[in-house]
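The data block below is work_5.cif; it holds mmCIF, C-alpha atoms.
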data_start
loop_
_atom_site.label_atom_id
_atom_site.label_comp_id
_atom_site.auth_asym_id
_atom_site.auth_seq_id
_atom_site.Cartn_x
_atom_site.Cartn_y
_atom_site.Cartn_z
CA MET A 671 31.98 43.86 -8.09
CA GLN A 672 32.29 40.87 -5.82
CA ASN A 673 30.23 40.41 -2.68
CA ARG A 674 31.39 38.37 0.27
CA LEU A 675 28.96 35.71 1.35
CA ILE A 676 29.09 35.06 5.07
CA ALA A 677 26.92 33.37 7.68
CA PRO A 678 24.19 34.39 8.15
CA PHE A 679 23.60 34.06 4.44
CA ALA A 680 23.30 37.55 2.89
CA ILE A 681 22.46 37.89 -0.78
CA PHE A 682 21.92 41.28 -2.33
CA LEU A 683 19.26 41.53 -5.01
CA VAL A 684 18.03 44.33 -7.20
CA ILE A 685 14.63 43.39 -8.57
CA LEU A 686 11.60 45.10 -9.92
CA PRO A 687 8.88 45.36 -7.26
CA LEU A 688 6.32 42.59 -7.44
CA LEU A 689 3.63 44.93 -6.04
CA ALA A 690 1.57 44.18 -2.97
CA CYS A 691 -1.84 42.59 -3.09
CA SER A 692 -3.95 44.45 -0.56
CA LEU A 693 -7.30 42.89 -1.32
CA LEU A 694 -10.41 44.93 -0.71
CA ARG A 695 -13.53 42.98 -1.51
CA THR A 696 -16.96 44.46 -2.10
CA GLY A 697 -18.87 41.18 -2.04
CA ARG A 698 -18.64 37.49 -1.27
CA SER A 699 -19.75 36.10 -4.64
CA TYR A 700 -17.77 35.49 -7.82
CA LYS A 701 -17.55 38.78 -9.70
CA TRP A 702 -15.00 38.04 -12.43
CA HIS A 703 -12.73 35.34 -13.78
CA LEU A 704 -9.34 34.73 -15.34
CA ILE A 705 -8.28 31.92 -17.63
CA LEU A 706 -4.57 31.08 -17.53
CA GLU A 707 -2.72 28.98 -20.07
CA VAL A 708 0.35 26.89 -19.32
CA ASP A 709 3.37 27.39 -21.55
CA PRO A 710 2.66 25.29 -24.69
CA SER A 711 6.26 24.09 -24.81
CA VAL A 712 5.96 21.93 -21.67
CA SER A 713 5.73 18.19 -22.32
CA ASP A 714 2.83 17.17 -20.07
CA ARG A 715 0.45 20.11 -19.94
CA GLU A 716 -2.27 18.26 -18.04
CA SER A 717 0.07 17.34 -15.18
CA VAL A 718 1.59 20.82 -15.12
CA ALA A 719 -1.87 22.41 -15.13
CA ARG A 720 -2.84 20.38 -12.07
CA GLN A 721 0.36 21.37 -10.29
CA THR A 722 -0.39 24.98 -11.23
CA ILE A 723 -3.81 24.71 -9.59
CA ASP A 724 -2.19 23.58 -6.32
CA VAL A 725 0.16 26.58 -6.31
CA LEU A 726 -2.62 29.02 -7.22
CA ARG A 727 -4.77 27.74 -4.38
CA SER A 728 -1.89 28.24 -1.96
CA ARG A 729 -1.37 31.79 -3.22
CA LEU A 730 -5.04 32.72 -3.03
CA ASN A 731 -5.33 31.28 0.48
CA ALA A 732 -2.21 33.14 1.58
CA LEU A 733 -3.67 36.40 0.27
CA GLY A 734 -6.97 35.82 2.03
CA VAL A 735 -9.04 35.80 -1.15
CA ALA A 736 -12.52 34.37 -0.56
CA PRO A 737 -14.48 32.89 -2.10
CA PHE A 738 -12.57 31.54 -5.09
CA LYS A 739 -12.70 28.56 -7.39
CA VAL A 740 -9.83 27.13 -9.45
CA ASP A 741 -10.22 24.33 -11.95
CA ILE A 742 -9.14 23.02 -15.35
CA VAL A 743 -11.28 24.15 -18.27
CA ASP A 744 -11.72 22.63 -21.72
CA SER A 745 -9.60 19.54 -22.41
CA PRO A 746 -7.02 18.83 -19.67
CA THR A 747 -4.31 18.52 -22.33
CA GLN A 748 -4.84 22.16 -23.33
CA GLY A 749 -3.35 23.27 -20.03
CA ARG A 750 -5.95 25.94 -19.25
CA VAL A 751 -6.97 26.90 -15.72
CA ARG A 752 -9.94 29.07 -14.74
CA LEU A 753 -10.05 31.23 -11.61
CA ASP A 754 -13.42 32.54 -10.41
CA LEU A 755 -12.83 35.43 -8.04
CA PRO A 756 -14.53 38.01 -5.80
CA GLU A 757 -14.11 41.70 -6.47
CA ILE A 758 -10.55 42.91 -5.91
CA ALA A 759 -9.60 46.58 -5.61
CA ASP A 760 -6.53 46.52 -7.85
CA ARG A 761 -6.97 43.82 -10.46
CA GLN A 762 -3.78 44.59 -12.35
CA ARG A 763 -1.66 44.31 -9.25
CA PHE A 764 -3.38 41.04 -8.38
CA LYS A 765 -2.84 39.62 -11.88
CA ASN A 766 0.86 40.47 -11.79
CA PHE A 767 1.17 38.57 -8.53
CA ILE A 768 -0.75 35.52 -9.72
CA VAL A 769 1.25 34.95 -12.93
CA THR A 770 4.71 35.64 -11.47
CA ARG A 771 6.48 32.31 -11.52
CA GLY A 772 8.40 32.88 -8.28
CA LEU A 773 11.19 30.44 -9.12
CA LEU A 774 14.17 30.99 -6.82
CA GLN A 775 17.36 28.95 -7.34
CA LEU A 776 20.78 28.99 -5.72
CA VAL A 777 23.33 27.77 -8.27
CA HIS A 778 27.04 27.34 -8.74
CA ILE A 779 28.46 29.91 -11.16
CA VAL A 780 31.23 28.50 -13.36
CA SER A 781 34.33 30.60 -12.67
CA ALA A 782 37.80 30.50 -11.26
CA PRO A 783 37.48 30.74 -7.45
CA ALA A 784 37.91 33.96 -5.46
CA PRO A 785 40.00 36.06 -5.15
CA ALA A 786 39.79 35.94 -8.96
CA PRO A 787 36.81 37.99 -10.16
CA CYS A 788 33.70 36.11 -11.18
CA GLN A 789 33.81 35.06 -14.82
CA THR A 790 31.29 37.04 -16.87
CA TYR A 791 30.85 37.44 -20.62
CA GLN A 792 30.09 40.40 -22.84
CA ASN A 793 27.31 38.66 -24.78
CA GLU A 794 25.24 35.51 -24.89
CA GLU A 795 27.15 33.95 -27.79
CA GLU A 796 30.48 34.27 -25.98
CA ALA A 797 29.01 32.65 -22.87
CA LYS A 798 27.44 29.81 -24.86
CA ALA A 799 30.80 29.04 -26.45
CA ALA A 800 32.22 28.62 -22.94
CA THR A 801 29.68 25.94 -22.02
CA LYS A 802 31.16 23.55 -24.59
CA ALA A 803 27.69 22.08 -25.23
CA ASP A 804 27.45 20.83 -21.64
CA ALA A 805 23.81 19.97 -20.96
CA ASN A 806 24.32 20.68 -17.25
CA ARG A 807 25.31 24.28 -17.86
CA LYS A 808 23.02 27.18 -18.71
CA VAL A 809 23.80 30.68 -19.92
CA LEU A 810 21.88 33.37 -18.03
CA PRO A 811 21.72 37.18 -18.10
CA TYR A 812 23.23 39.09 -15.21
CA PRO A 813 22.26 42.80 -15.11
CA ASP A 814 24.53 45.02 -13.03
CA SER A 815 23.39 47.92 -10.84
CA ASN A 816 23.50 50.26 -13.85
CA GLY A 817 21.27 48.03 -15.95
CA LYS A 818 24.05 46.78 -18.22
CA VAL A 819 23.60 43.08 -18.98
CA ARG A 820 26.49 40.66 -18.84
CA TRP A 821 26.25 36.87 -18.99
CA VAL A 822 27.32 34.03 -16.72
CA VAL A 823 27.37 30.25 -16.95
CA ALA A 824 25.42 28.41 -14.25
CA GLU A 825 25.60 24.74 -13.32
CA LEU A 826 22.30 22.92 -13.11
CA PRO A 827 20.42 21.50 -11.38
CA ALA A 828 20.37 24.13 -8.64
CA ILE A 829 22.05 23.39 -5.34
CA VAL A 830 18.69 24.18 -3.73
CA ASP A 831 15.61 25.98 -5.00
CA GLY A 832 12.50 27.63 -3.64
CA ARG A 833 10.88 24.30 -2.90
CA GLY A 834 13.47 23.85 -0.15
CA LEU A 835 12.35 26.97 1.73
CA ARG A 836 10.69 26.44 5.08
CA ASN A 837 9.67 30.04 5.62
CA ALA A 838 10.19 33.56 4.28
CA THR A 839 9.31 36.81 6.03
CA ALA A 840 9.54 40.49 5.08
CA VAL A 841 11.22 42.54 7.83
CA PRO A 842 12.71 46.05 8.11
CA ASN A 843 16.36 46.29 7.11
CA PRO A 844 18.13 47.64 10.22
CA ILE A 845 21.17 48.88 8.29
CA GLY A 846 20.31 50.02 4.79
CA GLY A 847 16.69 51.02 5.34
CA GLY A 848 13.76 49.62 3.44
CA TYR A 849 12.88 45.95 3.76
CA GLU A 850 14.53 42.57 3.29
CA ILE A 851 13.36 38.95 3.18
CA ARG A 852 14.67 36.56 5.79
CA PHE A 853 14.31 32.89 5.05
CA THR A 854 15.03 29.47 6.45
CA LEU A 855 15.53 26.19 4.63
CA LYS A 856 13.85 22.89 5.32
CA PRO A 857 16.13 20.33 7.02
CA GLU A 858 16.90 18.33 3.88
CA ALA A 859 17.69 21.46 1.85
CA ALA A 860 19.76 22.89 4.71
CA ASP A 861 21.84 19.71 4.93
CA LYS A 862 22.43 19.77 1.18
CA PHE A 863 23.31 23.45 1.08
CA GLY A 864 25.56 23.20 4.12
CA ALA A 865 27.46 20.27 2.62
CA TRP A 866 27.90 22.09 -0.70
CA THR A 867 29.03 25.41 0.77
CA GLY A 868 31.37 23.68 3.20
CA ALA A 869 33.06 21.85 0.34
CA ASN A 870 33.21 24.86 -2.01
CA ILE A 871 34.81 27.70 -0.08
CA ASN A 872 35.72 30.60 -2.46
CA GLN A 873 33.52 29.23 -5.23
CA TYR A 874 30.91 31.57 -6.71
CA ILE A 875 27.21 31.14 -6.15
CA GLY A 876 24.39 32.90 -7.97
CA VAL A 877 20.83 33.73 -7.01
CA ILE A 878 18.41 33.17 -9.89
CA LEU A 879 14.91 34.57 -9.82
CA ASN A 880 12.71 33.62 -12.77
CA ASP A 881 15.68 32.67 -14.98
CA GLU A 882 17.65 35.87 -14.36
CA VAL A 883 20.74 36.09 -12.16
CA LYS A 884 20.12 38.73 -9.50
CA SER A 885 23.31 38.41 -7.50
CA VAL A 886 26.67 36.64 -7.55
CA ALA A 887 28.86 36.22 -4.47
CA TYR A 888 31.56 33.87 -3.27
CA ILE A 889 31.39 31.44 -0.38
CA LYS A 890 33.35 32.78 2.57
CA SER A 891 32.31 30.11 5.07
CA GLN A 892 29.87 27.23 5.40
CA ILE A 893 26.22 28.24 5.33
CA SER A 894 23.48 26.20 6.96
CA ASP A 895 19.76 26.92 7.01
CA THR A 896 19.23 30.67 7.34
CA GLY A 897 19.71 33.65 5.11
CA GLN A 898 18.41 36.95 3.91
CA ILE A 899 17.67 38.61 0.61
CA SER A 900 18.47 42.30 0.82
CA GLY A 901 17.92 44.95 -1.80
CA ARG A 902 15.85 47.99 -2.71
CA PHE A 903 12.57 46.57 -1.40
CA THR A 904 9.55 48.50 -0.27
CA LYS A 905 7.44 46.95 2.45
CA GLU A 906 4.88 45.84 -0.13
CA SER A 907 7.33 44.35 -2.63
CA ALA A 908 9.16 42.48 0.13
CA GLU A 909 5.88 41.07 1.42
CA ASP A 910 4.91 39.99 -2.10
CA LEU A 911 8.19 38.21 -2.69
CA ALA A 912 8.01 36.51 0.70
CA GLN A 913 4.50 35.27 -0.07
CA LEU A 914 5.57 33.94 -3.46
CA LEU A 915 8.52 32.11 -1.94
CA LYS A 916 6.40 30.58 0.83
CA THR A 917 3.72 29.29 -1.53
CA GLY A 918 6.25 27.83 -3.95
CA PRO A 919 6.94 28.48 -7.63
CA LEU A 920 4.61 27.79 -10.49
CA PRO A 921 5.82 24.63 -12.30
CA ALA A 922 5.93 26.49 -15.64
CA ARG A 923 5.22 29.92 -17.05
CA VAL A 924 1.58 30.86 -17.45
CA LYS A 925 -0.17 33.71 -19.20
CA ILE A 926 -3.63 35.20 -18.96
CA VAL A 927 -5.63 34.42 -22.10
CA GLU A 928 -9.05 35.58 -20.92
CA GLU A 929 -10.52 38.00 -18.38
CA GLY A 930 -14.20 38.65 -17.94
CA GLN A 931 -17.12 39.45 -15.70
CA ASN A 932 -19.17 36.62 -14.23
#
Write the structure described by the file as structure tokens, please.
Amino acid sequence: MQNRLIAPFAIFLVILPLLACSLLRTGRSYKWHLILEVDPSVSDRESVARQTIDVLRSRLNALGVAPFKVDIVDSPTQGRVRLDLPEIADRQRFKNFIVTRGLLQLVHIVSAPAPAPCQTYQNEEEAKAATKADANRKVLPYPDSNGKVRWVVAELPAIVDGRGLRNATAVPNPIGGGYEIRFTLKPEAADKFGAWTGANINQYIGVILNDEVKSVAYIKSQISDTGQISGRFTKESAEDLAQLLKTGPLPARVKIVEEGQN
């Protein structure tokens, strides 16, 4: 089904809740630690690990965690980061938040323009054949509302991504109930997005979150610097996503390789 994309920018997402991080601390000292490892496939693990530390610090500060310590452990080229943390009421919920990449991208979906339906493919192989080995195109899964996965071809790099966000806030949805995330773009990203949407009326655009297409819609009119992400959000999941978007994405995937008491 096609969605119309109008100003203000409305994108409808269906995502798994990211879970809120309501942090209840029982002390001010370091009680436990996590060691995260950067994806081994990245080319410069030391640089990526240091960028990861910057994002983690932003996330921990945004959540109000105190005290904490974040630093590289072992050899810098191993891409391992240690977090020393106070006691937290729900550790699993906290860990899910910390390792979520939070990479939001707005991309052009390769398709005939509206009113033709968006071009999707039954399987990954069929979609890859349509890319014709174009390095600037990427095949991505696109689950529908019933959970059935189709595939689309996206043009990269993204028109704008999460690094272009100026702010994101969780607010009640006045129409459909639940919560939504309203966001604004930084001036440079807004100029870029406005120019692209103005020049691509009826073209399809996709919202990618962590390498999965969450929504596809067509451009009805030029869009500038504001928008909203609407979907089946609880208050907590909307707040989590807004926090992730505000603090920026992790530069690469990370995983927890050690957890222990201090």
Given the file above and the PyMOL selection byres ((chain A and resi 722) around 12), which residues are selected, and can you give them as a ChimeraX atom specification? /A:706-709,715-721,723-729,740-742,749-753,768-771,917-925
Dig up all the protein and nucleic acid residues within 12 Å of (18.7, 28.1, -15.5) in the file frame, using all atoms listed in the file, and format them as a PyMOL selection string. chain A and resi 773-779+805-812+822-829+831+876-883
Evaluate the PyMOL selection byres ((chain A and resi 702) around 10) on the structure here and hand back the selected residues as a count of residues only.
15
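Among A:Glu795, A:Asp804, A:Asp910, A:Glu858, the residue with the shortest atom-to-atom distance to Ala838 of chain A, counting all atoms listed in the file, is A:Asp910.
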Atom CA of Ala799 of chain A sits from atom CA of Val819 of chain A at a separation of 17.5 Å
Run the PyMOL selection byres ((chain A and resi 836) around 8) on the file and write out the hits as a ChimeraX atom specification.
/A:834-835,837-838,853-856,916
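We find atom CA of Arg852 of chain A and atom CA of Gly772 of chain A to be spaced 15.8 Å apart.
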Missing atoms in segment 754-770 of chain A need filling: write out N, CA and C atoms for it as a compact mmCIF listing (two decimals), in the coordinates of the input.
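The result, written out as selection19.txt:
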# COMPACT_ATOMS: atom_id res chain seq x y z
N ASP A 754 -12.26 31.71 -10.70
CA ASP A 754 -13.42 32.54 -10.41
C ASP A 754 -13.16 33.27 -9.11
N LEU A 755 -13.35 34.60 -9.12
CA LEU A 755 -12.83 35.43 -8.04
C LEU A 755 -13.86 36.44 -7.55
N PRO A 756 -13.72 36.89 -6.29
CA PRO A 756 -14.53 38.01 -5.80
C PRO A 756 -13.97 39.32 -6.35
N GLU A 757 -14.64 40.41 -6.05
CA GLU A 757 -14.11 41.70 -6.47
C GLU A 757 -12.82 42.00 -5.74
N ILE A 758 -11.86 42.57 -6.47
CA ILE A 758 -10.55 42.91 -5.91
C ILE A 758 -10.24 44.34 -6.32
N ALA A 759 -9.75 45.14 -5.38
CA ALA A 759 -9.60 46.58 -5.61
C ALA A 759 -8.67 46.88 -6.77
N ASP A 760 -7.52 46.26 -6.80
CA ASP A 760 -6.53 46.52 -7.85
C ASP A 760 -6.30 45.24 -8.63
N ARG A 761 -7.05 45.06 -9.69
CA ARG A 761 -6.97 43.82 -10.46
C ARG A 761 -5.61 43.65 -11.13
N GLN A 762 -5.06 44.72 -11.65
CA GLN A 762 -3.78 44.59 -12.35
C GLN A 762 -2.67 44.14 -11.41
N ARG A 763 -2.66 44.71 -10.24
CA ARG A 763 -1.66 44.31 -9.25
C ARG A 763 -1.84 42.85 -8.87
N PHE A 764 -3.07 42.43 -8.70
CA PHE A 764 -3.38 41.04 -8.38
C PHE A 764 -2.93 40.10 -9.50
N LYS A 765 -3.21 40.47 -10.74
CA LYS A 765 -2.84 39.62 -11.88
C LYS A 765 -1.33 39.47 -11.98
N ASN A 766 -0.61 40.56 -11.75
CA ASN A 766 0.86 40.47 -11.79
C ASN A 766 1.37 39.46 -10.76
N PHE A 767 0.76 39.48 -9.59
CA PHE A 767 1.17 38.57 -8.53
C PHE A 767 0.87 37.12 -8.91
N ILE A 768 -0.32 36.88 -9.42
CA ILE A 768 -0.75 35.52 -9.72
C ILE A 768 0.11 34.85 -10.79
N VAL A 769 0.53 35.59 -11.82
CA VAL A 769 1.25 34.95 -12.93
C VAL A 769 2.76 34.98 -12.75
N THR A 770 3.27 35.66 -11.72
CA THR A 770 4.71 35.64 -11.47
C THR A 770 5.14 34.24 -11.07
